[in-house]
file target-v8.cif (mmCIF, N, CA and C atoms)
data_data
#
loop_
_atom_site.group_PDB
_atom_site.id
_atom_site.type_symbol
_atom_site.label_atom_id
_atom_site.label_comp_id
_atom_site.auth_asym_id
_atom_site.auth_seq_id
_atom_site.Cartn_x
_atom_site.Cartn_y
_atom_site.Cartn_z
ATOM 1 N N MET P 28 -10.082 11.228 -12.649
ATOM 2 C CA MET P 28 -9.472 11.844 -11.485
ATOM 3 C C MET P 28 -8.586 10.816 -10.793
ATOM 4 N N ALA P 29 -7.387 11.226 -10.426
ATOM 5 C CA ALA P 29 -6.441 10.323 -9.772
ATOM 6 C C ALA P 29 -6.901 10.008 -8.355
ATOM 7 N N VAL P 30 -6.651 8.803 -7.971
ATOM 8 C CA VAL P 30 -6.948 8.362 -6.613
ATOM 9 C C VAL P 30 -5.615 8.052 -5.945
ATOM 10 N N HIS P 31 -5.435 8.551 -4.736
ATOM 11 C CA HIS P 31 -4.199 8.268 -4.013
ATOM 12 C C HIS P 31 -4.277 6.871 -3.425
ATOM 13 N N LEU P 32 -3.274 6.066 -3.736
ATOM 14 C CA LEU P 32 -3.257 4.688 -3.270
ATOM 15 C C LEU P 32 -2.666 4.597 -1.870
ATOM 16 N N PRO P 33 -3.279 3.807 -1.006
ATOM 17 C CA PRO P 33 -2.632 3.536 0.282
ATOM 18 C C PRO P 33 -1.405 2.665 0.005
ATOM 19 N N PRO P 34 -0.403 2.694 0.873
ATOM 20 C CA PRO P 34 0.829 1.934 0.622
ATOM 21 C C PRO P 34 0.595 0.471 0.266
ATOM 22 N N GLU P 35 -0.351 -0.179 0.910
ATOM 23 C CA GLU P 35 -0.576 -1.598 0.626
ATOM 24 C C GLU P 35 -1.137 -1.827 -0.780
ATOM 25 N N ALA P 36 -1.729 -0.815 -1.370
ATOM 26 C CA ALA P 36 -2.274 -0.948 -2.719
ATOM 27 C C ALA P 36 -1.191 -0.815 -3.789
ATOM 28 N N LEU P 37 -0.011 -0.352 -3.407
ATOM 29 C CA LEU P 37 1.062 -0.216 -4.380
ATOM 30 C C LEU P 37 1.442 -1.561 -4.984
ATOM 31 N N ASN P 38 1.369 -2.613 -4.205
ATOM 32 C CA ASN P 38 1.682 -3.937 -4.737
ATOM 33 C C ASN P 38 0.715 -4.315 -5.849
ATOM 34 N N GLU P 39 -0.555 -4.009 -5.658
ATOM 35 C CA GLU P 39 -1.550 -4.310 -6.686
ATOM 36 C C GLU P 39 -1.277 -3.497 -7.947
ATOM 37 N N TRP P 40 -0.958 -2.210 -7.777
ATOM 38 C CA TRP P 40 -0.631 -1.375 -8.923
ATOM 39 C C TRP P 40 0.642 -1.882 -9.605
ATOM 40 N N LEU P 41 1.651 -2.258 -8.810
ATOM 41 C CA LEU P 41 2.888 -2.796 -9.360
ATOM 42 C C LEU P 41 2.605 -4.010 -10.238
ATOM 43 N N GLU P 42 1.767 -4.904 -9.747
ATOM 44 C CA GLU P 42 1.406 -6.098 -10.521
ATOM 45 C C GLU P 42 0.751 -5.713 -11.855
ATOM 46 N N ALA P 43 -0.193 -4.789 -11.798
ATOM 47 C CA ALA P 43 -0.905 -4.372 -13.008
ATOM 48 C C ALA P 43 0.027 -3.653 -13.983
ATOM 49 N N ALA P 44 0.837 -2.742 -13.479
ATOM 50 C CA ALA P 44 1.724 -1.949 -14.342
ATOM 51 C C ALA P 44 2.814 -2.814 -14.967
ATOM 52 N N THR P 45 3.411 -3.702 -14.184
ATOM 53 C CA THR P 45 4.461 -4.556 -14.747
ATOM 54 C C THR P 45 3.886 -5.539 -15.762
ATOM 55 N N ARG P 46 2.696 -6.028 -15.490
ATOM 56 C CA ARG P 46 2.029 -6.922 -16.451
ATOM 57 C C ARG P 46 1.794 -6.170 -17.770
ATOM 58 N N GLU P 47 1.326 -4.933 -17.660
ATOM 59 C CA GLU P 47 1.062 -4.106 -18.845
ATOM 60 C C GLU P 47 2.324 -3.879 -19.670
ATOM 61 N N LEU P 48 3.456 -3.693 -18.978
ATOM 62 C CA LEU P 48 4.713 -3.382 -19.648
ATOM 63 C C LEU P 48 5.563 -4.615 -19.957
ATOM 64 N N GLY P 49 5.053 -5.789 -19.598
ATOM 65 C CA GLY P 49 5.794 -7.019 -19.861
ATOM 66 C C GLY P 49 7.028 -7.170 -18.994
ATOM 67 N N LEU P 50 6.944 -6.690 -17.756
ATOM 68 C CA LEU P 50 8.062 -6.764 -16.814
ATOM 69 C C LEU P 50 7.743 -7.760 -15.700
ATOM 70 N N ASP P 51 8.753 -8.068 -14.912
ATOM 71 C CA ASP P 51 8.607 -8.986 -13.796
ATOM 72 C C ASP P 51 8.497 -8.186 -12.499
ATOM 73 N N ALA P 52 7.353 -8.236 -11.861
ATOM 74 C CA ALA P 52 7.121 -7.472 -10.636
ATOM 75 C C ALA P 52 8.072 -7.858 -9.519
ATOM 76 N N THR P 53 8.558 -9.083 -9.526
ATOM 77 C CA THR P 53 9.450 -9.521 -8.444
ATOM 78 C C THR P 53 10.815 -8.847 -8.520
ATOM 79 N N GLU P 54 11.120 -8.212 -9.644
ATOM 80 C CA GLU P 54 12.405 -7.523 -9.797
ATOM 81 C C GLU P 54 12.352 -6.071 -9.319
ATOM 82 N N ILE P 55 11.179 -5.624 -8.890
ATOM 83 C CA ILE P 55 10.996 -4.229 -8.482
ATOM 84 C C ILE P 55 10.908 -4.140 -6.968
ATOM 85 N N ASP P 56 11.763 -3.326 -6.383
ATOM 86 C CA ASP P 56 11.742 -3.084 -4.939
ATOM 87 C C ASP P 56 11.116 -1.703 -4.715
ATOM 88 N N ILE P 57 9.844 -1.707 -4.377
ATOM 89 C CA ILE P 57 9.098 -0.454 -4.207
ATOM 90 C C ILE P 57 9.778 0.460 -3.195
ATOM 91 N N ALA P 58 10.224 -0.095 -2.084
ATOM 92 C CA ALA P 58 10.827 0.720 -1.027
ATOM 93 C C ALA P 58 12.067 1.456 -1.524
ATOM 94 N N THR P 59 12.887 0.796 -2.320
ATOM 95 C CA THR P 59 14.097 1.437 -2.847
ATOM 96 C C THR P 59 13.742 2.584 -3.788
ATOM 97 N N VAL P 60 12.798 2.358 -4.675
ATOM 98 C CA VAL P 60 12.394 3.399 -5.620
ATOM 99 C C VAL P 60 11.805 4.597 -4.877
ATOM 100 N N LEU P 61 10.954 4.331 -3.898
ATOM 101 C CA LEU P 61 10.345 5.418 -3.127
ATOM 102 C C LEU P 61 11.380 6.163 -2.286
ATOM 103 N N ASP P 62 12.392 5.445 -1.801
ATOM 104 C CA ASP P 62 13.444 6.092 -1.019
ATOM 105 C C ASP P 62 14.223 7.077 -1.892
ATOM 106 N N VAL P 63 14.541 6.676 -3.109
ATOM 107 C CA VAL P 63 15.225 7.587 -4.035
ATOM 108 C C VAL P 63 14.352 8.823 -4.269
ATOM 109 N N ALA P 64 13.081 8.598 -4.559
ATOM 110 C CA ALA P 64 12.166 9.718 -4.807
ATOM 111 C C ALA P 64 12.092 10.662 -3.610
ATOM 112 N N LYS P 65 12.039 10.094 -2.412
ATOM 113 C CA LYS P 65 11.965 10.913 -1.193
ATOM 114 C C LYS P 65 13.193 11.798 -1.044
ATOM 115 N N HIS P 66 14.377 11.210 -1.182
ATOM 116 C CA HIS P 66 15.607 11.994 -1.005
ATOM 117 C C HIS P 66 15.740 13.073 -2.076
ATOM 118 N N VAL P 67 15.449 12.724 -3.314
ATOM 119 C CA VAL P 67 15.557 13.713 -4.388
ATOM 120 C C VAL P 67 14.531 14.833 -4.192
ATOM 121 N N ALA P 68 13.309 14.485 -3.842
ATOM 122 C CA ALA P 68 12.275 15.500 -3.640
ATOM 123 C C ALA P 68 12.642 16.467 -2.524
ATOM 124 N N HIS P 69 13.224 15.943 -1.455
ATOM 125 C CA HIS P 69 13.535 16.785 -0.295
ATOM 126 C C HIS P 69 14.853 17.539 -0.434
ATOM 127 N N GLU P 70 15.797 16.982 -1.193
ATOM 128 C CA GLU P 70 17.125 17.586 -1.233
ATOM 129 C C GLU P 70 17.454 18.280 -2.558
ATOM 130 N N VAL P 71 16.652 18.029 -3.585
ATOM 131 C CA VAL P 71 16.874 18.685 -4.876
ATOM 132 C C VAL P 71 15.641 19.537 -5.180
ATOM 133 N N ALA P 72 14.567 18.897 -5.613
ATOM 134 C CA ALA P 72 13.300 19.578 -5.886
ATOM 135 C C ALA P 72 12.252 18.505 -6.140
ATOM 136 N N ARG P 73 11.023 18.801 -5.770
ATOM 137 C CA ARG P 73 9.951 17.818 -5.965
ATOM 138 C C ARG P 73 9.847 17.307 -7.399
ATOM 139 N N PRO P 74 9.869 18.197 -8.402
ATOM 140 C CA PRO P 74 9.750 17.695 -9.777
ATOM 141 C C PRO P 74 10.924 16.811 -10.200
ATOM 142 N N ALA P 75 12.034 16.881 -9.482
ATOM 143 C CA ALA P 75 13.187 16.047 -9.819
ATOM 144 C C ALA P 75 12.979 14.589 -9.394
ATOM 145 N N ALA P 76 12.023 14.332 -8.511
ATOM 146 C CA ALA P 76 11.805 12.964 -8.023
ATOM 147 C C ALA P 76 11.323 12.013 -9.119
ATOM 148 N N PRO P 77 10.239 12.323 -9.844
ATOM 149 C CA PRO P 77 9.833 11.387 -10.901
ATOM 150 C C PRO P 77 10.864 11.294 -12.018
ATOM 151 N N LEU P 78 11.519 12.395 -12.325
ATOM 152 C CA LEU P 78 12.570 12.370 -13.339
ATOM 153 C C LEU P 78 13.690 11.432 -12.907
ATOM 154 N N SER P 79 14.077 11.529 -11.653
ATOM 155 C CA SER P 79 15.165 10.698 -11.139
ATOM 156 C C SER P 79 14.798 9.222 -11.097
ATOM 157 N N THR P 80 13.566 8.905 -10.722
ATOM 158 C CA THR P 80 13.175 7.495 -10.705
ATOM 159 C C THR P 80 13.069 6.955 -12.133
ATOM 160 N N PHE P 81 12.681 7.799 -13.085
ATOM 161 C CA PHE P 81 12.690 7.386 -14.482
ATOM 162 C C PHE P 81 14.123 7.091 -14.923
ATOM 163 N N LEU P 82 15.046 7.990 -14.599
ATOM 164 C CA LEU P 82 16.445 7.788 -14.958
ATOM 165 C C LEU P 82 17.010 6.535 -14.291
ATOM 166 N N LEU P 83 16.589 6.274 -13.070
ATOM 167 C CA LEU P 83 16.987 5.051 -12.378
ATOM 168 C C LEU P 83 16.555 3.833 -13.191
ATOM 169 N N GLY P 84 15.348 3.848 -13.691
ATOM 170 C CA GLY P 84 14.844 2.753 -14.515
ATOM 171 C C GLY P 84 15.589 2.621 -15.826
ATOM 172 N N VAL P 85 15.896 3.750 -16.455
ATOM 173 C CA VAL P 85 16.648 3.720 -17.715
ATOM 174 C C VAL P 85 18.036 3.127 -17.464
ATOM 175 N N ALA P 86 18.691 3.572 -16.403
ATOM 176 C CA ALA P 86 20.031 3.055 -16.087
ATOM 177 C C ALA P 86 19.976 1.561 -15.778
ATOM 178 N N LEU P 87 18.975 1.155 -15.041
ATOM 179 C CA LEU P 87 18.817 -0.261 -14.711
ATOM 180 C C LEU P 87 18.571 -1.073 -15.981
ATOM 181 N N GLY P 88 17.700 -0.586 -16.842
ATOM 182 C CA GLY P 88 17.403 -1.271 -18.098
ATOM 183 C C GLY P 88 18.577 -1.299 -19.057
ATOM 184 N N SER P 89 19.485 -0.359 -18.912
ATOM 185 C CA SER P 89 20.674 -0.301 -19.759
ATOM 186 C C SER P 89 21.838 -1.071 -19.151
ATOM 187 N N ALA P 90 21.559 -1.799 -18.087
ATOM 188 C CA ALA P 90 22.571 -2.616 -17.404
ATOM 189 C C ALA P 90 23.746 -1.783 -16.899
ATOM 190 N N LYS P 91 23.428 -0.599 -16.372
ATOM 191 C CA LYS P 91 24.463 0.272 -15.818
ATOM 192 C C LYS P 91 24.810 -0.111 -14.373
ATOM 193 N N GLY P 92 24.055 -1.044 -13.799
ATOM 194 C CA GLY P 92 24.280 -1.479 -12.428
ATOM 195 C C GLY P 92 23.034 -2.149 -11.899
ATOM 196 N N ASP P 93 23.058 -2.457 -10.610
ATOM 197 C CA ASP P 93 21.882 -3.068 -9.987
ATOM 198 C C ASP P 93 21.077 -1.997 -9.256
ATOM 199 N N LEU P 94 19.839 -2.329 -8.916
ATOM 200 C CA LEU P 94 18.950 -1.338 -8.300
ATOM 201 C C LEU P 94 19.526 -0.748 -7.018
ATOM 202 N N PRO P 95 20.000 -1.558 -6.071
ATOM 203 C CA PRO P 95 20.541 -0.951 -4.838
ATOM 204 C C PRO P 95 21.729 -0.020 -5.107
ATOM 205 N N GLY P 96 22.617 -0.422 -5.990
ATOM 206 C CA GLY P 96 23.795 0.401 -6.273
ATOM 207 C C GLY P 96 23.448 1.696 -6.981
ATOM 208 N N LEU P 97 22.595 1.604 -7.983
ATOM 209 C CA LEU P 97 22.172 2.804 -8.706
ATOM 210 C C LEU P 97 21.377 3.738 -7.805
ATOM 211 N N ALA P 98 20.520 3.161 -6.973
ATOM 212 C CA ALA P 98 19.735 3.968 -6.037
ATOM 213 C C ALA P 98 20.658 4.724 -5.088
ATOM 214 N N GLN P 99 21.675 4.037 -4.581
ATOM 215 C CA GLN P 99 22.620 4.679 -3.662
ATOM 216 C C GLN P 99 23.368 5.818 -4.349
ATOM 217 N N GLN P 100 23.712 5.625 -5.616
ATOM 218 C CA GLN P 100 24.367 6.703 -6.362
ATOM 219 C C GLN P 100 23.487 7.945 -6.424
ATOM 220 N N LEU P 101 22.201 7.759 -6.718
ATOM 221 C CA LEU P 101 21.297 8.907 -6.817
ATOM 222 C C LEU P 101 21.054 9.557 -5.459
ATOM 223 N N VAL P 102 20.918 8.758 -4.419
ATOM 224 C CA VAL P 102 20.729 9.322 -3.077
ATOM 225 C C VAL P 102 21.973 10.116 -2.674
ATOM 226 N N SER P 103 23.143 9.576 -2.944
ATOM 227 C CA SER P 103 24.386 10.294 -2.637
ATOM 228 C C SER P 103 24.468 11.595 -3.424
ATOM 229 N N ARG P 104 24.071 11.549 -4.692
ATOM 230 C CA ARG P 104 24.088 12.759 -5.520
ATOM 231 C C ARG P 104 23.107 13.788 -4.964
ATOM 232 N N ALA P 105 21.946 13.343 -4.489
ATOM 233 C CA ALA P 105 20.959 14.268 -3.906
ATOM 234 C C ALA P 105 21.528 14.926 -2.648
ATOM 235 N N HIS P 106 22.207 14.151 -1.809
ATOM 236 C CA HIS P 106 22.839 14.722 -0.608
ATOM 237 C C HIS P 106 23.885 15.770 -1.012
ATOM 238 N N GLN P 107 24.699 15.428 -2.006
ATOM 239 C CA GLN P 107 25.727 16.357 -2.478
ATOM 240 C C GLN P 107 25.091 17.614 -3.062
ATOM 241 N N TRP P 108 24.012 17.433 -3.816
ATOM 242 C CA TRP P 108 23.305 18.568 -4.406
ATOM 243 C C TRP P 108 22.835 19.530 -3.308
ATOM 244 N N SER P 109 22.272 18.956 -2.267
ATOM 245 C CA SER P 109 21.782 19.756 -1.151
ATOM 246 C C SER P 109 22.926 20.522 -0.491
ATOM 247 N N ASP P 110 24.059 19.855 -0.320
ATOM 248 C CA ASP P 110 25.233 20.525 0.268
ATOM 249 C C ASP P 110 25.760 21.626 -0.640
ATOM 250 N N ASP P 111 25.749 21.369 -1.952
ATOM 251 C CA ASP P 111 26.283 22.346 -2.911
ATOM 252 C C ASP P 111 25.345 23.513 -3.186
ATOM 253 N N HIS P 112 24.055 23.338 -2.880
ATOM 254 C CA HIS P 112 23.046 24.362 -3.155
ATOM 255 C C HIS P 112 22.250 24.666 -1.887
ATOM 256 N N PRO P 113 22.924 25.187 -0.854
ATOM 257 C CA PRO P 113 22.250 25.384 0.453
ATOM 258 C C PRO P 113 21.124 26.409 0.438
ATOM 259 N N ASP P 114 21.138 27.312 -0.526
ATOM 260 C CA ASP P 114 20.109 28.364 -0.549
ATOM 261 C C ASP P 114 18.858 27.977 -1.330
ATOM 262 N N SER P 115 18.915 26.876 -2.064
ATOM 263 C CA SER P 115 17.744 26.478 -2.842
ATOM 264 C C SER P 115 16.806 25.678 -1.945
ATOM 265 N N GLU P 116 15.515 25.860 -2.192
ATOM 266 C CA GLU P 116 14.508 25.152 -1.406
ATOM 267 C C GLU P 116 13.984 23.985 -2.215
ATOM 268 N N ALA P 117 14.020 22.804 -1.643
ATOM 269 C CA ALA P 117 13.500 21.621 -2.332
ATOM 270 C C ALA P 117 12.014 21.523 -2.149
#

call {"tool": "encode", "arguments": {"input": "target-v8.cif", "output": "structure tokens"}}
result
Amino acid sequence: MAVHLPPEALNEWLEAATRELGLDATEIDIATVLDVAKHVAHEVARPAAPLSTFLLGVALGSAKGDLPGLAQQLVSRAHQWSDDHPDSEA
């Protein structure tokens, strides 16, 4: 059964998950990733949030840009999506 982590426990999970995947935890900005997820969930659809953060990681890993820039692109796209689809409920 999943346990909901308090915000301060995310750092511990980040350390464990990045270690498991052979990544550097210092390269991950939790706040930026969560901000993207929040905007996409509220302005597009909840299921689009994990998909979008996955795509953010793929783009970052493919050297398509840096985390702040890629995150801003997705947040801007979510705002545009919301404007273009005013009748859909996120």

call {"tool": "atom_distance", "arguments": {"input": "target-v8.cif", "atom1": "atom C of P:Val102", "atom2": "atom N of P:Val67"}}
result
7.1 Å

call {"tool": "residues_near_point", "arguments": {"input": "target-v8.cif", "point": "(13.3, 6.3, -6.4)", "cutoff": "8 Å", "atoms": "all atoms listed in the file", "output": "compact mmCIF listing (two decimals) with N, CA and C atoms, in the frame of the given file"}}
result
# COMPACT_ATOMS: atom_id res chain seq x y z
N ILE P 57 9.84 -1.71 -4.38
CA ILE P 57 9.10 -0.45 -4.21
C ILE P 57 9.78 0.46 -3.20
N ALA P 58 10.22 -0.10 -2.08
CA ALA P 58 10.83 0.72 -1.03
C ALA P 58 12.07 1.46 -1.52
N THR P 59 12.89 0.80 -2.32
CA THR P 59 14.10 1.44 -2.85
C THR P 59 13.74 2.58 -3.79
N VAL P 60 12.80 2.36 -4.68
CA VAL P 60 12.39 3.40 -5.62
C VAL P 60 11.80 4.60 -4.88
N LEU P 61 10.95 4.33 -3.90
CA LEU P 61 10.34 5.42 -3.13
C LEU P 61 11.38 6.16 -2.29
N ASP P 62 12.39 5.44 -1.80
CA ASP P 62 13.44 6.09 -1.02
C ASP P 62 14.22 7.08 -1.89
N VAL P 63 14.54 6.68 -3.11
CA VAL P 63 15.22 7.59 -4.04
C VAL P 63 14.35 8.82 -4.27
N ALA P 64 13.08 8.60 -4.56
CA ALA P 64 12.17 9.72 -4.81
C ALA P 64 12.09 10.66 -3.61
N LYS P 65 12.04 10.09 -2.41
CA LYS P 65 11.96 10.91 -1.19
C LYS P 65 13.19 11.80 -1.04
N HIS P 66 14.38 11.21 -1.18
CA HIS P 66 15.61 11.99 -1.00
C HIS P 66 15.74 13.07 -2.08
N VAL P 67 15.45 12.72 -3.31
CA VAL P 67 15.56 13.71 -4.39
C VAL P 67 14.53 14.83 -4.19
N ALA P 76 12.02 14.33 -8.51
CA ALA P 76 11.80 12.96 -8.02
C ALA P 76 11.32 12.01 -9.12
N PRO P 77 10.24 12.32 -9.84
CA PRO P 77 9.83 11.39 -10.90
C PRO P 77 10.86 11.29 -12.02
N SER P 79 14.08 11.53 -11.65
CA SER P 79 15.16 10.70 -11.14
C SER P 79 14.80 9.22 -11.10
N THR P 80 13.57 8.90 -10.72
CA THR P 80 13.18 7.50 -10.70
C THR P 80 13.07 6.96 -12.13
N PHE P 81 12.68 7.80 -13.08
CA PHE P 81 12.69 7.39 -14.48
C PHE P 81 14.12 7.09 -14.92
N LEU P 83 16.59 6.27 -13.07
CA LEU P 83 16.99 5.05 -12.38
C LEU P 83 16.56 3.83 -13.19
N GLY P 84 15.35 3.85 -13.69
CA GLY P 84 14.84 2.75 -14.52
C GLY P 84 15.59 2.62 -15.83
N ALA P 98 20.52 3.16 -6.97
CA ALA P 98 19.74 3.97 -6.04
C ALA P 98 20.66 4.72 -5.09

call {"tool": "residues_around", "arguments": {"input": "target-v8.cif", "residues": "stretch 30-42 of chain P", "least_positions_apart": "6", "cutoff": "8 Å", "atoms": "all atoms listed in the file", "output": "list in words"}}
result
Leu48, Asp51, Ala52, Thr53 and Ile57 of chain P

call {"tool": "resolve_selection", "arguments": {"input": "target-v8.cif", "expression": "the PyMOL selection byres ((chain P and resi 103-110) around 8)", "output": "number ranges by chain"}}
result
P: 66-71, 97-102, 111-115

call {"tool": "atom_distance", "arguments": {"input": "target-v8.cif", "atom1": "atom CA of P:Ala90", "atom2": "atom N of P:Glu54"}}
result
14.9 Å

call {"tool": "atom_distance", "arguments": {"input": "target-v8.cif", "atom1": "atom C of P:Ile55", "atom2": "atom CA of P:Leu94"}}
result
8.6 Å

call {"tool": "axis_aligned_box", "arguments": {"input": "target-v8.cif", "around": "stretch 60-73 of chain P", "padding_each_side": "8 Å", "output": "lines of an AutoDock Vina configuration file"}}
result
center_x = 13.7
center_y = 11.0
center_z = -3.8
size_x = 23.6
size_y = 33.2
size_z = 23.1

call {"tool": "build_atoms", "arguments": {"input": "target-v8.cif", "residues": "stretch 44-64 of chain P", "atoms": "N, CA, C and O atoms", "output": "short mmCIF file (atom, residue, chain, number, x, y, z; two decimals), in the frame of the given file"}}
result
data_model
loop_
_atom_site.label_atom_id
_atom_site.label_comp_id
_atom_site.auth_asym_id
_atom_site.auth_seq_id
_atom_site.Cartn_x
_atom_site.Cartn_y
_atom_site.Cartn_z
N ALA P 44 0.84 -2.74 -13.48
CA ALA P 44 1.72 -1.95 -14.34
C ALA P 44 2.81 -2.81 -14.97
O ALA P 44 3.10 -2.67 -16.16
N THR P 45 3.41 -3.70 -14.18
CA THR P 45 4.46 -4.56 -14.75
C THR P 45 3.89 -5.54 -15.76
O THR P 45 4.51 -5.81 -16.79
N ARG P 46 2.70 -6.03 -15.49
CA ARG P 46 2.03 -6.92 -16.45
C ARG P 46 1.79 -6.17 -17.77
O ARG P 46 2.05 -6.69 -18.85
N GLU P 47 1.33 -4.93 -17.66
CA GLU P 47 1.06 -4.11 -18.84
C GLU P 47 2.32 -3.88 -19.67
O GLU P 47 2.29 -3.87 -20.90
N LEU P 48 3.46 -3.69 -18.98
CA LEU P 48 4.71 -3.38 -19.65
C LEU P 48 5.56 -4.62 -19.96
O LEU P 48 6.66 -4.49 -20.50
N GLY P 49 5.05 -5.79 -19.60
CA GLY P 49 5.79 -7.02 -19.86
C GLY P 49 7.03 -7.17 -18.99
O GLY P 49 8.05 -7.70 -19.43
N LEU P 50 6.94 -6.69 -17.76
CA LEU P 50 8.06 -6.76 -16.81
C LEU P 50 7.74 -7.76 -15.70
O LEU P 50 6.60 -8.19 -15.55
N ASP P 51 8.75 -8.07 -14.91
CA ASP P 51 8.61 -8.99 -13.80
C ASP P 51 8.50 -8.19 -12.50
O ASP P 51 9.46 -7.54 -12.08
N ALA P 52 7.35 -8.24 -11.86
CA ALA P 52 7.12 -7.47 -10.64
C ALA P 52 8.07 -7.86 -9.52
O ALA P 52 8.38 -7.04 -8.65
N THR P 53 8.56 -9.08 -9.53
CA THR P 53 9.45 -9.52 -8.44
C THR P 53 10.82 -8.85 -8.52
O THR P 53 11.58 -8.90 -7.55
N GLU P 54 11.12 -8.21 -9.64
CA GLU P 54 12.40 -7.52 -9.80
C GLU P 54 12.35 -6.07 -9.32
O GLU P 54 13.35 -5.38 -9.34
N ILE P 55 11.18 -5.62 -8.89
CA ILE P 55 11.00 -4.23 -8.48
C ILE P 55 10.91 -4.14 -6.97
O ILE P 55 10.08 -4.79 -6.34
N ASP P 56 11.76 -3.33 -6.38
CA ASP P 56 11.74 -3.08 -4.94
C ASP P 56 11.12 -1.70 -4.72
O ASP P 56 11.78 -0.68 -4.88
N ILE P 57 9.84 -1.71 -4.38
CA ILE P 57 9.10 -0.45 -4.21
C ILE P 57 9.78 0.46 -3.20
O ILE P 57 9.92 1.66 -3.42
N ALA P 58 10.22 -0.10 -2.08
CA ALA P 58 10.83 0.72 -1.03
C ALA P 58 12.07 1.46 -1.52
O ALA P 58 12.27 2.63 -1.20
N THR P 59 12.89 0.80 -2.32
CA THR P 59 14.10 1.44 -2.85
C THR P 59 13.74 2.58 -3.79
O THR P 59 14.31 3.67 -3.69
N VAL P 60 12.80 2.36 -4.68
CA VAL P 60 12.39 3.40 -5.62
C VAL P 60 11.80 4.60 -4.88
O VAL P 60 12.14 5.76 -5.17
N LEU P 61 10.95 4.33 -3.90
CA LEU P 61 10.34 5.42 -3.13
C LEU P 61 11.38 6.16 -2.29
O LEU P 61 11.27 7.38 -2.08
N ASP P 62 12.39 5.44 -1.80
CA ASP P 62 13.44 6.09 -1.02
C ASP P 62 14.22 7.08 -1.89
O ASP P 62 14.53 8.19 -1.46
N VAL P 63 14.54 6.68 -3.11
CA VAL P 63 15.22 7.59 -4.04
C VAL P 63 14.35 8.82 -4.27
O VAL P 63 14.82 9.95 -4.18
N ALA P 64 13.08 8.60 -4.56
CA ALA P 64 12.17 9.72 -4.81
C ALA P 64 12.09 10.66 -3.61
O ALA P 64 12.10 11.89 -3.77
#
